[in-house]
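Source file upload.cif; content: mmCIF, C-alpha atoms and all ligand atoms.
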data_start
#
loop_
_atom_site.label_atom_id
_atom_site.label_comp_id
_atom_site.auth_asym_id
_atom_site.auth_seq_id
_atom_site.Cartn_x
_atom_site.Cartn_y
_atom_site.Cartn_z
CA MET A 1 56.56 61.43 80.41
CA SER A 2 60.32 62.08 80.05
CA LEU A 3 62.77 60.22 82.27
CA PRO A 4 64.50 62.23 85.02
CA ARG A 5 68.06 63.22 84.01
CA SER A 6 70.92 61.47 85.77
CA LYS A 7 73.06 63.62 88.04
CA ILE A 8 76.45 64.59 86.58
CA ILE A 9 79.63 64.91 88.61
CA VAL A 10 83.02 66.21 87.49
CA ARG A 11 86.11 64.58 88.96
CA ASN A 12 89.72 63.85 88.02
CA THR A 13 90.23 61.28 85.28
CA ARG A 14 91.19 57.71 86.21
CA PRO A 15 92.57 54.91 84.00
CA GLU A 16 89.19 53.14 84.12
CA ASP A 17 87.69 56.17 82.28
CA PHE A 18 89.92 55.75 79.19
CA SER A 19 87.53 53.57 77.19
CA GLY A 20 84.66 55.96 78.00
CA ILE A 21 86.78 58.91 76.84
CA ALA A 22 87.61 57.09 73.58
CA GLU A 23 83.88 56.45 73.05
CA LEU A 24 83.11 60.12 73.79
CA SER A 25 85.83 61.22 71.31
CA ARG A 26 84.21 59.10 68.60
CA GLU A 27 80.82 60.69 69.32
CA VAL A 28 82.21 64.23 69.17
CA TYR A 29 84.79 63.89 66.38
CA ALA A 30 83.59 61.04 64.16
CA GLU A 31 86.20 61.86 61.51
CA SER A 32 89.29 61.86 63.80
CA PRO A 33 91.06 59.10 65.73
CA PRO A 34 89.88 59.04 69.36
CA TRP A 35 92.14 59.88 72.31
CA SER A 36 94.35 56.81 72.76
CA GLU A 37 95.14 55.01 75.98
CA ALA A 38 98.84 55.87 75.47
CA LEU A 39 98.17 59.63 75.34
CA LEU A 40 95.64 59.59 78.19
CA SER A 41 98.10 57.62 80.34
CA SER A 42 100.78 60.17 79.55
CA HIS A 43 98.45 62.98 80.77
CA LEU A 44 97.85 61.16 84.06
CA ARG A 45 101.57 60.55 84.47
CA VAL A 46 102.59 64.19 84.05
CA PHE A 47 99.62 66.09 85.54
CA PRO A 48 96.77 64.02 87.03
CA GLU A 49 95.12 67.06 88.71
CA GLY A 50 94.69 68.71 85.29
CA GLN A 51 92.57 65.94 83.75
CA PHE A 52 88.80 65.88 84.28
CA VAL A 53 85.82 63.78 83.29
CA ALA A 54 82.11 64.46 83.66
CA ILE A 55 80.34 61.27 84.70
CA GLU A 56 76.70 60.25 84.88
CA VAL A 57 76.20 59.13 88.47
CA ASP A 58 73.71 56.46 87.35
CA GLY A 59 75.71 54.01 85.25
CA GLY A 60 79.03 55.86 85.27
CA ARG A 61 79.02 56.85 81.59
CA VAL A 62 81.67 59.44 80.60
CA VAL A 63 79.72 62.36 79.08
CA GLY A 64 82.44 65.02 79.08
CA MET A 65 86.16 65.49 79.50
CA ALA A 66 88.84 68.16 79.67
CA ALA A 67 92.61 67.82 79.44
CA SER A 68 95.15 70.46 80.46
CA LEU A 69 98.80 71.07 81.21
CA ILE A 70 100.85 73.88 82.70
CA LEU A 71 103.10 75.90 80.40
CA LEU A 72 105.77 78.52 80.83
CA TRP A 73 104.21 80.82 78.25
CA ASP A 74 107.52 82.54 77.42
CA ASP A 75 108.68 79.26 75.87
CA TYR A 76 105.96 79.58 73.21
CA ASP A 77 104.73 81.86 70.49
CA MET A 78 101.02 82.55 70.29
CA ASN A 79 101.07 81.47 66.63
CA MET A 80 102.23 77.95 67.38
CA ASP A 81 99.89 75.09 66.64
CA TRP A 82 98.11 72.65 68.94
CA LEU A 83 100.75 69.97 68.39
CA SER A 84 103.51 72.30 69.61
CA PHE A 85 101.57 73.48 72.69
CA THR A 86 100.88 69.87 73.73
CA HIS A 87 104.03 68.05 72.52
CA SER A 88 101.93 66.12 70.01
CA GLY A 89 99.21 65.48 72.57
CA THR A 90 101.54 63.85 75.15
CA PHE A 91 101.75 66.88 77.54
CA THR A 92 105.38 65.96 78.26
CA ASN A 93 106.16 69.69 78.01
CA HIS A 94 104.12 70.21 81.22
CA ASP A 95 106.16 72.58 83.41
CA SER A 96 104.62 73.06 86.84
CA ALA A 97 107.94 74.23 88.30
CA HIS A 98 108.09 77.42 86.22
CA GLY A 99 104.77 77.80 84.40
CA ARG A 100 101.92 80.09 85.48
CA THR A 101 99.54 79.26 82.63
CA LEU A 102 97.09 76.36 82.56
CA TYR A 103 96.74 75.42 78.90
CA GLY A 104 93.37 73.96 77.91
CA ALA A 105 94.24 71.27 75.38
CA GLU A 106 90.82 69.65 75.09
CA VAL A 107 87.24 70.00 76.24
CA MET A 108 84.27 68.05 74.95
CA VAL A 109 80.76 67.05 75.91
CA ASN A 110 78.67 64.27 74.37
CA PRO A 111 76.62 65.85 71.53
CA THR A 112 73.35 64.53 73.00
CA MET A 113 74.17 66.16 76.35
CA GLN A 114 75.36 69.58 75.19
CA ARG A 115 73.69 72.82 76.36
CA ARG A 116 72.83 71.31 79.78
CA GLY A 117 75.58 72.98 81.80
CA ILE A 118 78.13 70.13 81.69
CA GLY A 119 80.79 72.24 79.94
CA LYS A 120 80.18 74.93 82.56
CA LYS A 121 80.74 72.41 85.40
CA ILE A 122 83.99 71.25 83.79
CA TYR A 123 85.21 74.84 83.40
CA GLN A 124 84.34 75.58 87.04
CA GLU A 125 86.69 72.75 88.03
CA ARG A 126 89.41 74.13 85.77
CA ARG A 127 89.10 77.59 87.30
CA SER A 128 89.12 76.11 90.84
CA LEU A 129 92.30 74.22 89.97
CA VAL A 130 93.98 77.41 88.76
CA GLN A 131 92.97 79.17 91.97
CA ARG A 132 94.13 76.27 94.15
CA LEU A 133 97.53 76.18 92.42
CA GLY A 134 97.84 79.98 92.45
CA LEU A 135 98.36 80.12 88.67
CA LEU A 136 97.97 83.38 86.79
CA ARG A 137 95.60 82.25 84.05
CA ILE A 138 94.06 79.76 81.68
CA ARG A 139 94.84 80.05 77.99
CA ALA A 140 93.70 77.90 75.09
CA GLY A 141 93.14 77.88 71.36
CA ALA A 142 89.42 77.95 70.60
CA ARG A 143 89.00 76.50 67.13
CA LEU A 144 86.44 78.52 65.18
CA ARG A 145 84.01 75.74 64.38
CA GLY A 146 81.44 77.94 62.68
CA TYR A 147 83.88 79.94 60.55
CA HIS A 148 83.48 77.77 57.42
CA ARG A 149 79.95 79.19 57.03
CA PHE A 150 81.32 82.76 56.90
CA ALA A 151 84.81 82.32 55.42
CA HIS A 152 83.69 83.42 51.93
CA ARG A 153 82.63 86.83 53.21
CA MET A 154 84.78 87.80 56.21
CA THR A 155 88.23 87.31 57.69
CA ALA A 156 88.69 85.11 60.76
CA GLU A 157 89.39 88.26 62.82
CA ASP A 158 86.10 89.87 61.73
CA TYR A 159 84.30 86.63 62.51
CA VAL A 160 85.79 86.52 66.02
CA MET A 161 84.86 90.15 66.69
CA ARG A 162 81.26 89.40 65.70
CA VAL A 163 81.15 86.32 67.92
CA VAL A 164 82.53 88.31 70.87
CA GLN A 165 79.92 91.03 70.25
CA GLY A 166 77.19 88.36 70.21
CA LYS A 167 76.26 89.01 66.55
CA ILE A 168 77.26 85.49 65.45
CA ALA A 169 77.03 82.31 67.58
CA ASP A 170 80.00 79.97 67.25
CA PRO A 171 79.56 76.45 68.72
CA THR A 172 82.81 76.68 70.67
CA LEU A 173 83.85 80.31 71.08
CA SER A 174 80.39 81.51 72.20
CA PHE A 175 80.56 78.96 75.01
CA GLN A 176 84.00 80.15 76.07
CA VAL A 177 82.98 83.81 75.97
CA ARG A 178 79.97 82.90 78.19
CA GLU A 179 82.45 81.25 80.55
CA GLY A 180 84.32 84.54 81.04
CA PHE A 181 87.16 84.09 78.55
CA ALA A 182 88.55 87.03 76.60
CA VAL A 183 90.03 86.72 73.13
CA ILE A 184 93.63 87.89 72.98
CA GLY A 185 94.43 86.97 69.38
CA VAL A 186 93.41 85.08 66.27
CA VAL A 187 95.81 82.56 64.73
CA ALA A 188 95.97 80.50 61.54
CA ASP A 189 97.12 76.86 61.18
CA TYR A 190 96.26 75.93 64.77
CA LEU A 191 94.63 72.61 63.84
CA HIS A 192 95.76 71.89 60.30
CA GLN A 193 93.16 69.25 59.37
CA ASP A 194 90.14 71.06 60.82
CA SER A 195 87.89 71.93 57.88
CA GLU A 196 85.19 73.61 60.00
CA SER A 197 87.57 76.25 61.35
CA ARG A 198 89.76 76.29 58.21
CA GLY A 199 92.59 75.93 60.74
CA PHE A 200 91.81 79.22 62.53
CA ALA A 201 91.56 79.55 66.30
CA ALA A 202 90.96 82.35 68.77
CA VAL A 203 93.56 82.45 71.52
CA ILE A 204 91.50 82.85 74.68
CA GLU A 205 92.36 83.78 78.24
CA TRP A 206 90.81 83.72 81.70
CA LEU A 207 92.78 85.61 84.34
CA ASN A 208 92.78 84.43 87.94
CA PRO A 209 91.36 87.45 89.80
CA ASN A 210 93.31 86.46 92.97
CA VAL A 211 96.65 86.73 91.18
CA ALA A 212 96.34 88.92 88.07
CA THR A 213 97.32 92.58 88.26
CA PRO A 214 95.58 95.48 86.50
CA ASP A 215 98.44 95.38 83.97
CA ASP A 216 97.57 91.78 83.06
CA PHE A 217 94.05 92.92 82.16
CA ARG A 218 95.32 96.04 80.35
CA ALA A 219 97.72 93.96 78.24
CA ARG A 220 94.80 92.36 76.40
CA ASN A 221 94.22 93.44 72.83
CA PRO A 222 91.25 95.86 73.08
CA LYS A 223 90.25 94.96 69.53
CA PHE A 224 88.65 91.71 70.67
CA LEU A 225 87.15 92.82 73.99
CA ARG A 226 83.44 93.33 74.52
CA PRO A 227 82.84 96.97 75.54
CA GLU A 228 81.57 95.93 79.01
CA ALA A 229 84.53 93.56 79.49
CA SER A 230 87.25 96.14 78.92
CA SER A 231 87.19 97.18 82.59
CA LEU A 232 89.69 95.61 84.96
CA SER A 233 87.36 92.96 86.36
CA CYS A 234 86.81 89.51 84.84
C1 LIG A 301 81.97 73.54 73.64
C2 LIG A 301 81.28 72.53 74.56
C3 LIG A 301 82.34 71.84 75.43
C4 LIG A 301 80.26 73.26 75.48
O1 LIG A 301 79.74 72.33 76.41
P1 LIG A 301 78.21 72.40 76.90
O2 LIG A 301 78.02 71.41 77.98
O3 LIG A 301 77.31 72.27 75.72
O4 LIG A 301 78.11 73.88 77.47
P2 LIG A 301 77.12 74.41 78.62
O5 LIG A 301 75.77 73.81 78.44
O6 LIG A 301 77.77 74.20 79.95
O7 LIG A 301 77.07 75.96 78.28
C5 LIG A 301 77.67 76.98 79.10
C6 LIG A 301 77.25 78.32 78.55
O8 LIG A 301 77.71 78.46 77.20
C7 LIG A 301 76.61 78.70 76.32
N1 LIG A 301 76.80 77.93 75.09
C8 LIG A 301 77.13 76.63 74.99
N2 LIG A 301 77.18 76.26 73.69
C9 LIG A 301 76.81 77.36 72.97
C10 LIG A 301 76.63 77.61 71.58
N3 LIG A 301 76.80 76.66 70.66
N4 LIG A 301 76.24 78.85 71.19
C11 LIG A 301 76.03 79.82 72.11
N5 LIG A 301 76.19 79.65 73.46
C12 LIG A 301 76.58 78.43 73.87
C13 LIG A 301 75.40 78.15 77.05
O9 LIG A 301 74.20 78.79 76.63
C14 LIG A 301 75.71 78.47 78.48
O10 LIG A 301 75.41 79.83 78.77
P3 LIG A 301 74.56 80.24 80.09
O11 LIG A 301 75.55 80.09 81.22
O12 LIG A 301 74.17 81.64 79.84
O13 LIG A 301 73.44 79.27 80.18
C15 LIG A 301 80.49 71.47 73.72
O14 LIG A 301 79.61 72.15 72.87
C16 LIG A 301 81.36 70.55 72.89
O15 LIG A 301 81.79 69.48 73.34
N6 LIG A 301 81.62 70.87 71.61
C17 LIG A 301 82.36 70.00 70.70
C18 LIG A 301 83.83 69.93 71.04
C19 LIG A 301 84.51 71.28 70.94
O16 LIG A 301 84.32 72.04 70.02
N7 LIG A 301 85.37 71.56 71.95
C20 LIG A 301 86.15 72.78 71.98
C21 LIG A 301 87.47 72.57 71.30
S1 LIG A 301 88.39 74.09 71.18
#
Spit out the file's structure as structure tokens when you get a sec.
Ligand SMILES: CC(C)(COP(=O)(O)OP(=O)(O)OC[C@H]1O[C@@H](n2cnc3c(N)ncnc32)[C@H](O)[C@@H]1OP(=O)(O)O)[C@@H](O)C(=O)NCCC(=O)NCCS
Amino acid sequence: MSLPRSKIIVRNTRPEDFSGIAELSREVYAESPPWSEALLSSHLRVFPEGQFVAIEVDGGRVVGMAASLILLWDDYDMNMDWLSFTHSGTFTNHDSAHGRTLYGAEVMVNPTMQRRGIGKKIYQERRSLVQRLGLLRIRAGARLRGYHRFAHRMTAEDYVMRVVQGKIADPTLSFQVREGFAVIGVVADYLHQDSESRGFAAVIEWLNPNVATPDDFRARNPKFLRPEASSLSC
């Protein structure tokens, strides 16, 4: 008989979660240094409402996390890398006075707990935050984790189009497409050391339906839209 699963809640990150987040980082990205206390403290200093953890109610283990900041998008170029969008992971470029874009800098779920709706719960909190703050949208770079399996036979753009059409499943982008994100571009050199994606990422967007205008939806590159998603709703 299998044990009943512990209930999961998503709430804002607190300093006492830092060691659990570091542990989670090691589980998800064994080859990279985990999120450090210095960077996580910086996130809480500049934008505490934008930082989330998913916690097992029984025992309090951190099983997921997401980190975000607000950007004035005009200050950036879509082709910039993750380090530029996040000021080297510090989020000190957070600009809630002028920005209308929540930038998703990180999201991860413990590998043994994936595909159980935890990522979805975290994204629901992100969308609620955007609605509460009256922001226009969420944008992020979705690294193309499955691209290395196809890189010898198609470009990153072709790969993204196939993922969006549901012909290929990508471990990250398929999740984000399921969560209502549209692809607005494909960029190289987003995460330089990432061998799985070969550095490529899809720039993804979710528009806040309470704020976005029809023009915001029309401005999206139709090349990457699913046929049923090219209407004005999201
Ligand atoms: C991406 C990630 C956060 C998703 O979290 P998760 O808890 O597994 O996702 P959920 O179970 O909430 O899935 C939500 C939806 O996405 C779909 N989905 C999730 N992973 C998927 C995959 N690999 N392929 C296809 N669809 C997927 C689910 O089927 C579900 O769809 P449904 O609503 O129709 O049931 C998680 O896989 C992860 O931590 N990956 C490693 C870190 C990473 O790559 N982060 C992104 C950096 S850009």
Using only C-alpha atoms and all ligand atoms, find each residue in chain A having at least one atom no more than 10 Å away from ligand LIG 301 (chain A); report its shortest atom-to-atom pair and that distance in Å (one decimal), rows by chain then rising number, as JSON lines.
{"residue": "A:Leu24", "atom": "CA", "partner": "A:LIG301", "partner_atom": "O15", "distance": 9.5}
{"residue": "A:Ser25", "atom": "CA", "partner": "A:LIG301", "partner_atom": "C18", "distance": 8.9}
{"residue": "A:Glu27", "atom": "CA", "partner": "A:LIG301", "partner_atom": "C17", "distance": 9.5}
{"residue": "A:Val28", "atom": "CA", "partner": "A:LIG301", "partner_atom": "C17", "distance": 6.0}
{"residue": "A:Tyr29", "atom": "CA", "partner": "A:LIG301", "partner_atom": "C18", "distance": 7.7}
{"residue": "A:Ala54", "atom": "CA", "partner": "A:LIG301", "partner_atom": "O2", "distance": 9.9}
{"residue": "A:Val63", "atom": "CA", "partner": "A:LIG301", "partner_atom": "O2", "distance": 9.3}
{"residue": "A:Gly64", "atom": "CA", "partner": "A:LIG301", "partner_atom": "O15", "distance": 7.3}
{"residue": "A:Met65", "atom": "CA", "partner": "A:LIG301", "partner_atom": "C3", "distance": 8.5}
{"residue": "A:Ala66", "atom": "CA", "partner": "A:LIG301", "partner_atom": "C3", "distance": 8.6}
{"residue": "A:Gly104", "atom": "CA", "partner": "A:LIG301", "partner_atom": "S1", "distance": 8.4}
{"residue": "A:Ala105", "atom": "CA", "partner": "A:LIG301", "partner_atom": "S1", "distance": 7.7}
{"residue": "A:Glu106", "atom": "CA", "partner": "A:LIG301", "partner_atom": "C21", "distance": 5.8}
{"residue": "A:Val107", "atom": "CA", "partner": "A:LIG301", "partner_atom": "N7", "distance": 4.9}
{"residue": "A:Met108", "atom": "CA", "partner": "A:LIG301", "partner_atom": "O15", "distance": 3.3}
{"residue": "A:Val109", "atom": "CA", "partner": "A:LIG301", "partner_atom": "O15", "distance": 3.7}
{"residue": "A:Asn110", "atom": "CA", "partner": "A:LIG301", "partner_atom": "O15", "distance": 6.2}
{"residue": "A:Pro111", "atom": "CA", "partner": "A:LIG301", "partner_atom": "O15", "distance": 6.6}
{"residue": "A:Thr112", "atom": "CA", "partner": "A:LIG301", "partner_atom": "O3", "distance": 9.1}
{"residue": "A:Met113", "atom": "CA", "partner": "A:LIG301", "partner_atom": "O2", "distance": 6.7}
{"residue": "A:Gln114", "atom": "CA", "partner": "A:LIG301", "partner_atom": "O3", "distance": 3.4}
{"residue": "A:Arg115", "atom": "CA", "partner": "A:LIG301", "partner_atom": "O5", "distance": 3.1}
{"residue": "A:Arg116", "atom": "CA", "partner": "A:LIG301", "partner_atom": "O5", "distance": 4.1}
{"residue": "A:Gly117", "atom": "CA", "partner": "A:LIG301", "partner_atom": "O6", "distance": 3.1}
{"residue": "A:Ile118", "atom": "CA", "partner": "A:LIG301", "partner_atom": "O2", "distance": 3.9}
{"residue": "A:Gly119", "atom": "CA", "partner": "A:LIG301", "partner_atom": "O2", "distance": 3.5}
{"residue": "A:Lys120", "atom": "CA", "partner": "A:LIG301", "partner_atom": "O6", "distance": 3.6}
{"residue": "A:Lys121", "atom": "CA", "partner": "A:LIG301", "partner_atom": "O6", "distance": 6.5}
{"residue": "A:Ile122", "atom": "CA", "partner": "A:LIG301", "partner_atom": "O6", "distance": 7.9}
{"residue": "A:Tyr123", "atom": "CA", "partner": "A:LIG301", "partner_atom": "O6", "distance": 8.2}
{"residue": "A:Gln124", "atom": "CA", "partner": "A:LIG301", "partner_atom": "O6", "distance": 9.8}
{"residue": "A:Ala140", "atom": "CA", "partner": "A:LIG301", "partner_atom": "S1", "distance": 7.6}
{"residue": "A:Gly141", "atom": "CA", "partner": "A:LIG301", "partner_atom": "S1", "distance": 6.1}
{"residue": "A:Ala142", "atom": "CA", "partner": "A:LIG301", "partner_atom": "S1", "distance": 4.0}
{"residue": "A:Arg143", "atom": "CA", "partner": "A:LIG301", "partner_atom": "S1", "distance": 4.8}
{"residue": "A:Leu144", "atom": "CA", "partner": "A:LIG301", "partner_atom": "S1", "distance": 7.7}
{"residue": "A:Arg145", "atom": "CA", "partner": "A:LIG301", "partner_atom": "O16", "distance": 6.8}
{"residue": "A:Gly146", "atom": "CA", "partner": "A:LIG301", "partner_atom": "N3", "distance": 9.3}
{"residue": "A:Val163", "atom": "CA", "partner": "A:LIG301", "partner_atom": "C11", "distance": 9.3}
{"residue": "A:Gly166", "atom": "CA", "partner": "A:LIG301", "partner_atom": "C11", "distance": 8.8}
{"residue": "A:Ile168", "atom": "CA", "partner": "A:LIG301", "partner_atom": "C11", "distance": 8.8}
{"residue": "A:Ala169", "atom": "CA", "partner": "A:LIG301", "partner_atom": "N4", "distance": 5.1}
{"residue": "A:Asp170", "atom": "CA", "partner": "A:LIG301", "partner_atom": "N4", "distance": 5.6}
{"residue": "A:Pro171", "atom": "CA", "partner": "A:LIG301", "partner_atom": "N3", "distance": 3.4}
{"residue": "A:Thr172", "atom": "CA", "partner": "A:LIG301", "partner_atom": "C1", "distance": 4.4}
{"residue": "A:Leu173", "atom": "CA", "partner": "A:LIG301", "partner_atom": "C1", "distance": 7.5}
{"residue": "A:Ser174", "atom": "CA", "partner": "A:LIG301", "partner_atom": "C11", "distance": 4.7}
{"residue": "A:Phe175", "atom": "CA", "partner": "A:LIG301", "partner_atom": "O8", "distance": 3.6}
{"residue": "A:Gln176", "atom": "CA", "partner": "A:LIG301", "partner_atom": "O8", "distance": 6.6}
{"residue": "A:Val177", "atom": "CA", "partner": "A:LIG301", "partner_atom": "O8", "distance": 7.6}
{"residue": "A:Arg178", "atom": "CA", "partner": "A:LIG301", "partner_atom": "O8", "distance": 5.1}
{"residue": "A:Glu179", "atom": "CA", "partner": "A:LIG301", "partner_atom": "C6", "distance": 6.3}
{"residue": "A:Gly180", "atom": "CA", "partner": "A:LIG301", "partner_atom": "C6", "distance": 9.7}
{"residue": "A:Leu191", "atom": "CA", "partner": "A:LIG301", "partner_atom": "S1", "distance": 9.7}
{"residue": "A:Ala201", "atom": "CA", "partner": "A:LIG301", "partner_atom": "S1", "distance": 8.0}
{"residue": "A:Ala202", "atom": "CA", "partner": "A:LIG301", "partner_atom": "S1", "distance": 9.0}
{"residue": "A:Val203", "atom": "CA", "partner": "A:LIG301", "partner_atom": "S1", "distance": 9.8}
{"residue": "A:Ile204", "atom": "CA", "partner": "A:LIG301", "partner_atom": "S1", "distance": 9.9}
Within 9 Å of Glu23 in chain A, counting only C-alpha atoms, which residues show up once you throw out same-chain ones fewer than 6 positions away? Write them as an mmCIF file with C-alpha atoms, in the frame of the given file, please.
data_model
loop_
_atom_site.group_PDB
_atom_site.id
_atom_site.type_symbol
_atom_site.label_atom_id
_atom_site.label_comp_id
_atom_site.auth_asym_id
_atom_site.auth_seq_id
_atom_site.Cartn_x
_atom_site.Cartn_y
_atom_site.Cartn_z
ATOM 1 C CA PRO A 34 89.880 59.040 69.360
ATOM 2 C CA TRP A 35 92.140 59.880 72.310
ATOM 3 C CA VAL A 62 81.670 59.440 80.600
#
- [ ] Take CA of Gly59 in chain A and CA of Glu16 in chain A and report the distance between them in Å, one decimal.
- [x]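 That distance, rounded to one decimal, is 13.6 Å.
Going from CA of Ala30 in chain A to CA of Glu157 in chain A covers 27.9 Å.
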Task: Å distance separating CA of Asn221 in chain A from CA of Arg126 in chain A, one decimal place - done: 23.7 Å
TODO: Would you please work out which residue, of A:Phe47, A:Met161, A:Trp82, A:Ile55, is nearest to Pro222 in chain A when using all atoms listed in the file?
DONE: A:Met161
With 4 Å of padding per side, what axis-aligned box (centre and edge lengths, Å, one decimal) covers all the listed atoms of range 139-152 of chain A? Give it as AutoDock Vina command-line options.
--center_x 87.4 --center_y 79.6 --center_z 65.0 --size_x 22.9 --size_y 15.7 --size_z 34.1
Task: Option closest in space to Arg220 in chain A, from A:His43, A:Glu125, A:Glu205, A:His192 [counting only C-alpha atoms] - done: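 Going through A:His43, A:Glu125, A:Glu205, A:His192 one by one, the smallest distance to Arg220 in chain A is for A:Glu205.
Compared by their closest atoms to Thr101 in chain A, and using only C-alpha atoms, the residues A:Ile21, A:Val187, A:Ala212, A:Val160 rank with A:Ala212 nearest.
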- [ ] Counting only C-alpha atoms, figure out which residue out of A:Met78, A:Arg137, A:Val57, A:His94 gets nearest to Gly185 in chain A.
- [x]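 Of the candidates, the smallest distance to Gly185 in chain A is held by A:Met78.
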